[in-house]
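*Asks:* Input structure: query.cif, which contains mmCIF, C-alpha atoms and all ligand atoms.
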```cif
data_run
#
loop_
_atom_site.group_PDB
_atom_site.id
_atom_site.type_symbol
_atom_site.label_atom_id
_atom_site.label_comp_id
_atom_site.auth_asym_id
_atom_site.auth_seq_id
_atom_site.Cartn_x
_atom_site.Cartn_y
_atom_site.Cartn_z
ATOM 1 C CA MET A 282 6.653 -71.182 -34.930
ATOM 2 C CA GLY A 283 7.340 -69.770 -31.497
ATOM 3 C CA PRO A 284 6.526 -66.663 -29.472
ATOM 4 C CA PRO A 285 8.159 -63.318 -30.285
ATOM 5 C CA GLY A 286 11.715 -63.364 -28.980
ATOM 6 C CA ALA A 287 12.116 -67.165 -29.094
ATOM 7 C CA GLY A 288 14.924 -66.827 -31.653
ATOM 8 C CA LYS A 289 12.862 -67.932 -34.645
ATOM 9 C CA GLY A 290 14.471 -65.557 -37.127
ATOM 10 C CA THR A 291 18.028 -66.538 -36.164
ATOM 11 C CA GLN A 292 17.294 -70.252 -36.354
ATOM 12 C CA ALA A 293 15.285 -69.946 -39.562
ATOM 13 C CA LEU A 294 18.178 -68.193 -41.262
ATOM 14 C CA LEU A 295 20.697 -70.833 -40.148
ATOM 15 C CA VAL A 296 18.500 -73.720 -41.281
ATOM 16 C CA SER A 297 17.666 -72.167 -44.650
ATOM 17 C CA GLU A 298 21.367 -71.507 -45.309
ATOM 18 C CA ARG A 299 22.195 -75.062 -44.350
ATOM 19 C CA LEU A 300 19.521 -76.423 -46.708
ATOM 20 C CA GLY A 301 20.215 -73.902 -49.477
ATOM 21 C CA ILE A 302 16.587 -72.803 -49.681
ATOM 22 C CA PRO A 303 15.029 -69.327 -49.448
ATOM 23 C CA HIS A 304 14.222 -67.976 -45.986
ATOM 24 C CA ILE A 305 10.813 -66.330 -46.285
ATOM 25 C CA SER A 306 10.178 -64.161 -43.231
ATOM 26 C CA THR A 307 6.925 -62.222 -43.406
ATOM 27 C CA GLY A 308 8.237 -59.877 -40.676
ATOM 28 C CA ASP A 309 11.394 -59.155 -42.739
ATOM 29 C CA ILE A 310 9.358 -58.528 -45.900
ATOM 30 C CA PHE A 311 7.046 -56.155 -44.031
ATOM 31 C CA ARG A 312 10.018 -54.310 -42.474
ATOM 32 C CA ALA A 313 11.725 -53.960 -45.865
ATOM 33 C CA ASN A 314 8.509 -52.460 -47.260
ATOM 34 C CA VAL A 315 8.181 -50.067 -44.333
ATOM 35 C CA LYS A 316 11.782 -48.954 -44.880
ATOM 36 C CA GLY A 317 11.220 -48.554 -48.617
ATOM 37 C CA GLY A 318 8.045 -46.530 -48.030
ATOM 38 C CA THR A 319 5.979 -48.749 -50.361
ATOM 39 C CA PRO A 320 2.151 -48.784 -50.192
ATOM 40 C CA LEU A 321 2.366 -52.249 -48.575
ATOM 41 C CA GLY A 322 4.787 -50.849 -45.991
ATOM 42 C CA GLN A 323 2.519 -47.901 -45.240
ATOM 43 C CA GLU A 324 -0.409 -50.271 -44.763
ATOM 44 C CA ALA A 325 1.537 -52.717 -42.579
ATOM 45 C CA GLN A 326 3.319 -50.199 -40.368
ATOM 46 C CA LYS A 327 0.337 -49.139 -38.288
ATOM 47 C CA TYR A 328 -0.362 -52.728 -37.304
ATOM 48 C CA MET A 329 3.271 -53.567 -36.650
ATOM 49 C CA ASP A 330 3.837 -50.503 -34.459
ATOM 50 C CA ALA A 331 0.824 -51.473 -32.350
ATOM 51 C CA GLY A 332 1.992 -55.107 -32.102
ATOM 52 C CA GLU A 333 -1.075 -56.269 -34.057
ATOM 53 C CA TYR A 334 -1.130 -58.758 -36.882
ATOM 54 C CA VAL A 335 -1.287 -57.298 -40.364
ATOM 55 C CA PRO A 336 -4.681 -58.307 -41.844
ATOM 56 C CA ASP A 337 -4.808 -61.794 -43.337
ATOM 57 C CA SER A 338 -5.818 -60.536 -46.777
ATOM 58 C CA VAL A 339 -2.654 -58.388 -47.005
ATOM 59 C CA THR A 340 -0.326 -61.009 -45.541
ATOM 60 C CA ASN A 341 -1.724 -63.883 -47.596
ATOM 61 C CA ALA A 342 -1.441 -61.930 -50.850
ATOM 62 C CA MET A 343 2.185 -61.117 -50.051
ATOM 63 C CA VAL A 344 3.083 -64.745 -49.310
ATOM 64 C CA ARG A 345 1.213 -65.923 -52.402
ATOM 65 C CA ASP A 346 3.347 -63.594 -54.553
ATOM 66 C CA ARG A 347 6.526 -64.720 -52.835
ATOM 67 C CA LEU A 348 5.769 -68.428 -53.307
ATOM 68 C CA ASP A 349 5.104 -67.760 -56.992
ATOM 69 C CA GLN A 350 8.775 -66.794 -57.423
ATOM 70 C CA PRO A 351 10.774 -69.544 -59.157
ATOM 71 C CA ASP A 352 13.470 -69.752 -56.445
ATOM 72 C CA THR A 353 10.987 -71.545 -54.174
ATOM 73 C CA ALA A 354 10.776 -74.572 -56.490
ATOM 74 C CA PRO A 355 13.433 -76.644 -54.632
ATOM 75 C CA GLY A 356 11.819 -75.837 -51.276
ATOM 76 C CA PHE A 357 11.558 -72.941 -48.856
ATOM 77 C CA LEU A 358 11.396 -72.111 -45.171
ATOM 78 C CA LEU A 359 8.539 -69.971 -43.858
ATOM 79 C CA ASP A 360 9.379 -67.868 -40.797
ATOM 80 C CA GLY A 361 6.507 -66.163 -38.993
ATOM 81 C CA TYR A 362 3.791 -67.523 -41.279
ATOM 82 C CA PRO A 363 1.141 -68.865 -40.828
ATOM 83 C CA ARG A 364 0.027 -67.083 -37.654
ATOM 84 C CA THR A 365 -3.779 -67.364 -37.880
ATOM 85 C CA VAL A 366 -6.315 -70.045 -38.795
ATOM 86 C CA ALA A 367 -7.122 -68.164 -42.019
ATOM 87 C CA GLN A 368 -3.431 -68.195 -42.937
ATOM 88 C CA VAL A 369 -3.195 -71.948 -42.293
ATOM 89 C CA ASP A 370 -6.076 -72.517 -44.721
ATOM 90 C CA GLU A 371 -4.669 -70.140 -47.302
ATOM 91 C CA LEU A 372 -1.216 -71.728 -47.081
ATOM 92 C CA ALA A 373 -2.752 -75.146 -47.692
ATOM 93 C CA ALA A 374 -4.366 -73.777 -50.868
ATOM 94 C CA MET A 375 -1.101 -72.179 -52.047
ATOM 95 C CA LEU A 376 0.806 -75.412 -51.463
ATOM 96 C CA ALA A 377 -1.805 -77.429 -53.342
ATOM 97 C CA LYS A 378 -1.501 -75.039 -56.284
ATOM 98 C CA HIS A 379 2.263 -75.587 -56.350
ATOM 99 C CA ASP A 380 1.964 -79.346 -55.823
ATOM 100 C CA ALA A 381 3.986 -78.879 -52.649
ATOM 101 C CA VAL A 382 3.623 -80.221 -49.121
ATOM 102 C CA LEU A 383 4.921 -79.117 -45.743
ATOM 103 C CA ASP A 384 7.655 -81.474 -44.565
ATOM 104 C CA HIS A 385 8.026 -80.172 -41.010
ATOM 105 C CA VAL A 386 6.674 -77.558 -38.643
ATOM 106 C CA ILE A 387 9.168 -76.511 -35.964
ATOM 107 C CA GLU A 388 7.949 -74.964 -32.754
ATOM 108 C CA LEU A 389 10.599 -73.305 -30.574
ATOM 109 C CA THR A 390 9.507 -73.550 -26.958
ATOM 110 C CA VAL A 391 10.746 -70.994 -24.423
ATOM 111 C CA ASP A 392 9.941 -69.646 -20.974
ATOM 112 C CA LEU A 393 7.625 -66.695 -21.645
ATOM 113 C CA GLU A 394 8.693 -64.565 -18.665
ATOM 114 C CA GLU A 395 12.325 -64.961 -19.626
ATOM 115 C CA VAL A 396 11.622 -63.957 -23.216
ATOM 116 C CA VAL A 397 9.652 -60.877 -22.165
ATOM 117 C CA ASP A 398 12.465 -59.854 -19.791
ATOM 118 C CA ARG A 399 15.014 -60.195 -22.584
ATOM 119 C CA LEU A 400 12.885 -58.222 -25.062
ATOM 120 C CA VAL A 401 12.215 -55.441 -22.570
ATOM 121 C CA LYS A 402 15.965 -55.126 -21.868
ATOM 122 C CA ARG A 403 16.741 -55.106 -25.587
ATOM 123 C CA ALA A 404 14.083 -52.434 -26.081
ATOM 124 C CA GLY A 405 16.140 -50.124 -23.889
ATOM 125 C CA ALA A 406 18.898 -50.349 -26.498
ATOM 126 C CA GLY A 407 16.534 -48.856 -29.104
ATOM 127 C CA GLY A 408 15.685 -50.173 -32.541
ATOM 128 C CA ARG A 409 12.287 -51.602 -33.392
ATOM 129 C CA THR A 410 9.230 -49.405 -33.022
ATOM 130 C CA ASP A 411 7.269 -52.424 -31.722
ATOM 131 C CA ASP A 412 9.573 -52.597 -28.695
ATOM 132 C CA SER A 413 7.746 -50.871 -25.814
ATOM 133 C CA GLU A 414 6.972 -53.175 -22.883
ATOM 134 C CA GLU A 415 3.248 -52.782 -23.445
ATOM 135 C CA VAL A 416 3.556 -53.725 -27.122
ATOM 136 C CA ILE A 417 5.888 -56.617 -26.280
ATOM 137 C CA ARG A 418 3.326 -58.035 -23.841
ATOM 138 C CA HIS A 419 0.549 -57.510 -26.371
ATOM 139 C CA ARG A 420 2.494 -59.407 -29.046
ATOM 140 C CA GLN A 421 2.982 -62.324 -26.622
ATOM 141 C CA GLN A 422 -0.732 -62.359 -25.825
ATOM 142 C CA LEU A 423 -1.625 -62.316 -29.506
ATOM 143 C CA TYR A 424 0.706 -65.247 -30.089
ATOM 144 C CA ALA A 425 -0.841 -67.190 -27.205
ATOM 145 C CA ASP A 426 -4.406 -66.451 -28.354
ATOM 146 C CA GLN A 427 -4.138 -66.737 -32.132
ATOM 147 C CA THR A 428 -0.980 -68.579 -33.107
ATOM 148 C CA ALA A 429 -0.085 -71.121 -30.400
ATOM 149 C CA PRO A 430 -3.389 -72.999 -30.997
ATOM 150 C CA LEU A 431 -2.298 -73.628 -34.604
ATOM 151 C CA THR A 432 0.376 -76.037 -33.431
ATOM 152 C CA ALA A 433 -2.441 -78.501 -32.628
ATOM 153 C CA VAL A 434 -3.430 -78.487 -36.311
ATOM 154 C CA TYR A 435 0.091 -79.431 -37.369
ATOM 155 C CA GLN A 436 0.451 -81.917 -34.546
ATOM 156 C CA GLU A 437 -2.628 -83.712 -35.814
ATOM 157 C CA GLN A 438 -1.065 -83.839 -39.253
ATOM 158 C CA GLY A 439 2.070 -85.384 -37.734
ATOM 159 C CA LEU A 440 4.230 -82.450 -38.836
ATOM 160 C CA LEU A 441 4.984 -80.707 -35.546
ATOM 161 C CA ARG A 442 8.499 -80.965 -34.048
ATOM 162 C CA ARG A 443 8.889 -79.241 -30.673
ATOM 163 C CA VAL A 444 12.390 -77.950 -30.004
ATOM 164 C CA ASP A 445 13.695 -76.441 -26.750
ATOM 165 C CA GLY A 446 14.650 -72.886 -27.710
ATOM 166 C CA LEU A 447 16.634 -72.237 -24.541
ATOM 167 C CA GLY A 448 20.415 -72.110 -24.898
ATOM 168 C CA ALA A 449 23.189 -70.872 -27.166
ATOM 169 C CA VAL A 450 22.339 -70.249 -30.826
ATOM 170 C CA ASP A 451 24.423 -73.169 -32.101
ATOM 171 C CA GLU A 452 23.037 -75.560 -29.458
ATOM 172 C CA VAL A 453 19.483 -74.711 -30.471
ATOM 173 C CA ALA A 454 20.429 -74.948 -34.162
ATOM 174 C CA ALA A 455 21.795 -78.469 -33.607
ATOM 175 C CA ARG A 456 18.475 -79.441 -31.959
ATOM 176 C CA VAL A 457 16.490 -77.986 -34.852
ATOM 177 C CA LEU A 458 18.553 -79.841 -37.450
ATOM 178 C CA ALA A 459 18.210 -83.072 -35.456
ATOM 179 C CA ALA A 460 14.434 -82.564 -35.336
ATOM 180 C CA LEU A 461 14.483 -82.193 -39.129
ATOM 181 C CA GLY A 462 16.469 -85.422 -39.387
ATOM 182 C CA ILE A 463 19.549 -83.637 -40.777
HETATM 183 P P1 LIG B 1 8.144 -60.848 -36.788
HETATM 184 O O1 LIG B 1 9.441 -60.221 -37.181
HETATM 185 O O2 LIG B 1 7.924 -62.191 -37.405
HETATM 186 O O3 LIG B 1 7.928 -60.852 -35.304
HETATM 187 O O4 LIG B 1 6.980 -59.902 -37.388
HETATM 188 C C1 LIG B 1 6.903 -58.541 -37.045
HETATM 189 C C2 LIG B 1 5.499 -58.028 -37.245
HETATM 190 O O5 LIG B 1 5.104 -58.190 -38.615
HETATM 191 C C3 LIG B 1 4.414 -58.748 -36.456
HETATM 192 O O6 LIG B 1 4.299 -58.277 -35.139
HETATM 193 C C4 LIG B 1 3.168 -58.436 -37.291
HETATM 194 O O7 LIG B 1 2.745 -57.105 -37.094
HETATM 195 C C5 LIG B 1 3.725 -58.531 -38.699
HETATM 196 N N1 LIG B 1 3.633 -59.927 -39.209
HETATM 197 C C6 LIG B 1 4.664 -60.762 -39.510
HETATM 198 N N2 LIG B 1 4.200 -61.938 -39.952
HETATM 199 C C7 LIG B 1 2.843 -61.858 -39.923
HETATM 200 C C8 LIG B 1 1.786 -62.757 -40.226
HETATM 201 N N3 LIG B 1 2.028 -64.018 -40.653
HETATM 202 N N4 LIG B 1 0.517 -62.308 -40.087
HETATM 203 C C9 LIG B 1 0.246 -61.062 -39.671
HETATM 204 N N5 LIG B 1 1.175 -60.170 -39.330
HETATM 205 C C10 LIG B 1 2.479 -60.561 -39.450
#
```
Could you quickly redo this structure as structure tokens?
Ligand code: AMP
*Replies:*
Amino acid sequence: MGPPGAGKGTQALLVSERLGIPHISTGDIFRANVKGGTPLGQEAQKYMDAGEYVPDSVTNAMVRDRLDQPDTAPGFLLDGYPRTVAQVDELAAMLAKHDAVLDHVIELTVDLEEVVDRLVKRAGAGGRTDDSEEVIRHRQQLYADQTAPLTAVYQEQGLLRRVDGLGAVDEVAARVLAALGI
């Protein structure tokens, strides 16, 4: 977990490679579907472009399908999911079905103003359609309102590990691995 621009995707990829488990990024799956012009992509794109969350029913169904794939049996890393209370509940049900448990929840903490500055500068370089300053600020607000409160749920369950997300990629990666006890 962590606000947009905290470096979640980069760290998630490094950790999943290190552990040899699939990296399941809901944002990546949505973007691949948008690119491929699938019905799921067409549905998701309007929300993504506006910096809104894709509806829970759509997102949950997609994750359910992904977790049903056999490559998740040895373990998996979720990146960008869950993001809402409904997704937390649905994930718990999916895990129960697979006789699986969450081992850790990592939260990357960062200075919000710094992250917004960085994202706005990157937006100038082009790329993502959810990159206008207004959309960037909206995505941060959505995270603060809907997703940040979820960390309390995982803290209560003793799963939350807070990691300082400020610094070079490999420095942050070393902190994440240490938090995982690796
Ligand atoms: P990300 O790359 O994780 O920042 O995700 C990019 C966009 O995909 C988000 O701004 C949302 O529109 C959508 N998205 C990704 N994950 C979720 C999720 N768990 N729930 C709802 N929407 C999501």
*Asks:* When you look at Ile305 in chain A with a cut-off of 12 Å (counting all atoms listed in the file), what residues show up, excluding the ones that are within fewer than 4 positions of it in the same chain? I need them as a ChimeraX atom specification.
*Replies:* /A:289-290,293-294,296-298,309-311,343-348,350,352-353,356-363
*Asks:* Taking all atoms listed in the file into account, list the residues no farther than 8 Å from ligand LIG 1 (chain B), as a PyMOL selection string.
*Replies:* chain A and resi 285-286+290+306-309+311-312+325-326+328-337+340-341+360-365+368+411+420
*Asks:* To one decimal place in Å, what is the distance between CA of Leu447 in chain A and CA of Arg418 in chain A?
*Replies:*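 Computed distance, CA of Leu447 in chain A to CA of Arg418 in chain A, equals 19.5 Å.
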*Asks:* Report the residues retrieved by the PyMOL selection byres (((chain A and resi 429-437) around 12) and not hetatm) from the displayed file, expressed as a VMD selection string.
*Replies:* chain A and resid 282 to 285 361 to 370 373 383 to 390 421 to 428 438 to 443
*Asks:* Mind telling me what the PyMOL selection byres (((chain A and resi 398-400) around 12) and not hetatm) catches here, as a compact mmCIF listing (two decimals) with C-alpha atoms, keeping the file's coordinate frame?
*Replies:*
```txt
# COMPACT_ATOMS: atom_id res chain seq x y z
CA PRO A 284 6.53 -66.66 -29.47
CA PRO A 285 8.16 -63.32 -30.28
CA GLY A 286 11.72 -63.36 -28.98
CA ALA A 287 12.12 -67.17 -29.09
CA GLY A 288 14.92 -66.83 -31.65
CA VAL A 391 10.75 -70.99 -24.42
CA ASP A 392 9.94 -69.65 -20.97
CA LEU A 393 7.62 -66.69 -21.64
CA GLU A 394 8.69 -64.56 -18.66
CA GLU A 395 12.32 -64.96 -19.63
CA VAL A 396 11.62 -63.96 -23.22
CA VAL A 397 9.65 -60.88 -22.16
CA VAL A 401 12.22 -55.44 -22.57
CA LYS A 402 15.96 -55.13 -21.87
CA ARG A 403 16.74 -55.11 -25.59
CA ALA A 404 14.08 -52.43 -26.08
CA GLY A 405 16.14 -50.12 -23.89
CA ALA A 406 18.90 -50.35 -26.50
CA GLY A 407 16.53 -48.86 -29.10
CA GLY A 408 15.68 -50.17 -32.54
CA ARG A 409 12.29 -51.60 -33.39
CA ASP A 411 7.27 -52.42 -31.72
CA ASP A 412 9.57 -52.60 -28.70
CA SER A 413 7.75 -50.87 -25.81
CA GLU A 414 6.97 -53.18 -22.88
CA GLU A 415 3.25 -52.78 -23.44
CA VAL A 416 3.56 -53.72 -27.12
CA ILE A 417 5.89 -56.62 -26.28
CA ARG A 418 3.33 -58.04 -23.84
CA ARG A 420 2.49 -59.41 -29.05
CA GLN A 421 2.98 -62.32 -26.62
```
*Asks:* Hey, can you check how far CA of Ala459 in chain A sits from CA of Pro355 in chain A?
*Replies:*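 CA of Pro355 in chain A lies 20.8 Å from CA of Ala459 in chain A.
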*Asks:* Rebuild range 306-332 of chain A to N, CA, C and O atoms - output it as a CSV table (one decimal), in the coordinates of the input, please.
*Replies:*
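After the write, out_2.csv holds the following:
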```
chain,number,residue,atom,x,y,z
A,306,SER,N,10.7,-64.7,-44.5
A,306,SER,CA,10.2,-64.2,-43.2
A,306,SER,C,9.2,-63.1,-43.5
A,306,SER,O,9.5,-62.0,-44.1
A,307,THR,N,7.9,-63.3,-43.1
A,307,THR,CA,6.9,-62.2,-43.4
A,307,THR,C,7.3,-60.9,-42.7
A,307,THR,O,7.1,-59.8,-43.2
A,308,GLY,N,7.8,-61.1,-41.4
A,308,GLY,CA,8.2,-59.9,-40.7
A,308,GLY,C,9.3,-59.1,-41.4
A,308,GLY,O,9.2,-57.9,-41.5
A,309,ASP,N,10.3,-59.8,-42.0
A,309,ASP,CA,11.4,-59.2,-42.7
A,309,ASP,C,10.8,-58.5,-44.0
A,309,ASP,O,11.3,-57.3,-44.3
A,310,ILE,N,9.9,-59.1,-44.7
A,310,ILE,CA,9.4,-58.5,-45.9
A,310,ILE,C,8.6,-57.3,-45.5
A,310,ILE,O,8.7,-56.2,-46.2
A,311,PHE,N,7.8,-57.4,-44.5
A,311,PHE,CA,7.0,-56.2,-44.0
A,311,PHE,C,8.0,-55.0,-43.7
A,311,PHE,O,7.8,-53.9,-44.1
A,312,ARG,N,9.1,-55.4,-42.9
A,312,ARG,CA,10.0,-54.3,-42.5
A,312,ARG,C,10.7,-53.7,-43.7
A,312,ARG,O,10.9,-52.5,-43.7
A,313,ALA,N,11.1,-54.5,-44.7
A,313,ALA,CA,11.7,-54.0,-45.9
A,313,ALA,C,10.8,-53.0,-46.6
A,313,ALA,O,11.2,-52.0,-47.1
A,314,ASN,N,9.5,-53.3,-46.6
A,314,ASN,CA,8.5,-52.5,-47.3
A,314,ASN,C,8.3,-51.2,-46.5
A,314,ASN,O,8.1,-50.1,-47.1
A,315,VAL,N,8.3,-51.3,-45.2
A,315,VAL,CA,8.2,-50.1,-44.3
A,315,VAL,C,9.4,-49.1,-44.6
A,315,VAL,O,9.2,-47.9,-44.9
A,316,LYS,N,10.6,-49.7,-44.6
A,316,LYS,CA,11.8,-49.0,-44.9
A,316,LYS,C,11.7,-48.3,-46.3
A,316,LYS,O,12.2,-47.2,-46.4
A,317,GLY,N,11.3,-49.1,-47.2
A,317,GLY,CA,11.2,-48.6,-48.6
A,317,GLY,C,10.0,-47.6,-48.9
A,317,GLY,O,9.9,-47.1,-50.0
A,318,GLY,N,9.2,-47.5,-47.9
A,318,GLY,CA,8.0,-46.5,-48.0
A,318,GLY,C,7.0,-47.0,-49.1
A,318,GLY,O,6.4,-46.1,-49.7
A,319,THR,N,6.9,-48.3,-49.3
A,319,THR,CA,6.0,-48.7,-50.4
A,319,THR,C,4.5,-48.7,-49.8
A,319,THR,O,4.4,-48.6,-48.6
A,320,PRO,N,3.5,-48.8,-50.7
A,320,PRO,CA,2.2,-48.8,-50.2
A,320,PRO,C,1.9,-49.9,-49.2
A,320,PRO,O,1.2,-49.8,-48.2
A,321,LEU,N,2.5,-51.1,-49.5
A,321,LEU,CA,2.4,-52.2,-48.6
A,321,LEU,C,3.0,-51.9,-47.2
A,321,LEU,O,2.4,-52.2,-46.2
A,322,GLY,N,4.1,-51.3,-47.2
A,322,GLY,CA,4.8,-50.8,-46.0
A,322,GLY,C,3.9,-49.9,-45.2
A,322,GLY,O,3.8,-50.0,-44.0
A,323,GLN,N,3.4,-48.9,-45.9
A,323,GLN,CA,2.5,-47.9,-45.2
A,323,GLN,C,1.3,-48.6,-44.6
A,323,GLN,O,0.9,-48.2,-43.5
A,324,GLU,N,0.8,-49.6,-45.3
A,324,GLU,CA,-0.4,-50.3,-44.8
A,324,GLU,C,0.0,-51.1,-43.5
A,324,GLU,O,-0.7,-51.1,-42.5
A,325,ALA,N,1.1,-51.8,-43.6
A,325,ALA,CA,1.5,-52.7,-42.6
A,325,ALA,C,2.0,-52.0,-41.3
A,325,ALA,O,1.8,-52.5,-40.2
A,326,GLN,N,2.6,-50.8,-41.5
A,326,GLN,CA,3.3,-50.2,-40.4
A,326,GLN,C,2.4,-49.9,-39.2
A,326,GLN,O,2.8,-50.2,-38.0
A,327,LYS,N,1.2,-49.5,-39.4
A,327,LYS,CA,0.3,-49.1,-38.3
A,327,LYS,C,0.0,-50.4,-37.4
A,327,LYS,O,0.0,-50.3,-36.2
A,328,TYR,N,-0.1,-51.5,-38.1
A,328,TYR,CA,-0.4,-52.7,-37.3
A,328,TYR,C,0.9,-53.2,-36.6
A,328,TYR,O,0.8,-53.5,-35.4
A,329,MET,N,2.0,-53.1,-37.2
A,329,MET,CA,3.3,-53.6,-36.6
A,329,MET,C,3.6,-52.7,-35.4
A,329,MET,O,4.0,-53.2,-34.4
A,330,ASP,N,3.5,-51.4,-35.6
A,330,ASP,CA,3.8,-50.5,-34.5
A,330,ASP,C,3.0,-50.8,-33.2
A,330,ASP,O,3.4,-50.6,-32.1
A,331,ALA,N,1.7,-51.2,-33.5
A,331,ALA,CA,0.8,-51.5,-32.4
A,331,ALA,C,1.0,-52.9,-31.9
A,331,ALA,O,0.3,-53.3,-30.9
A,332,GLY,N,1.8,-53.7,-32.5
A,332,GLY,CA,2.0,-55.1,-32.1
A,332,GLY,C,0.8,-56.0,-32.5
A,332,GLY,O,0.6,-57.0,-32.0
```
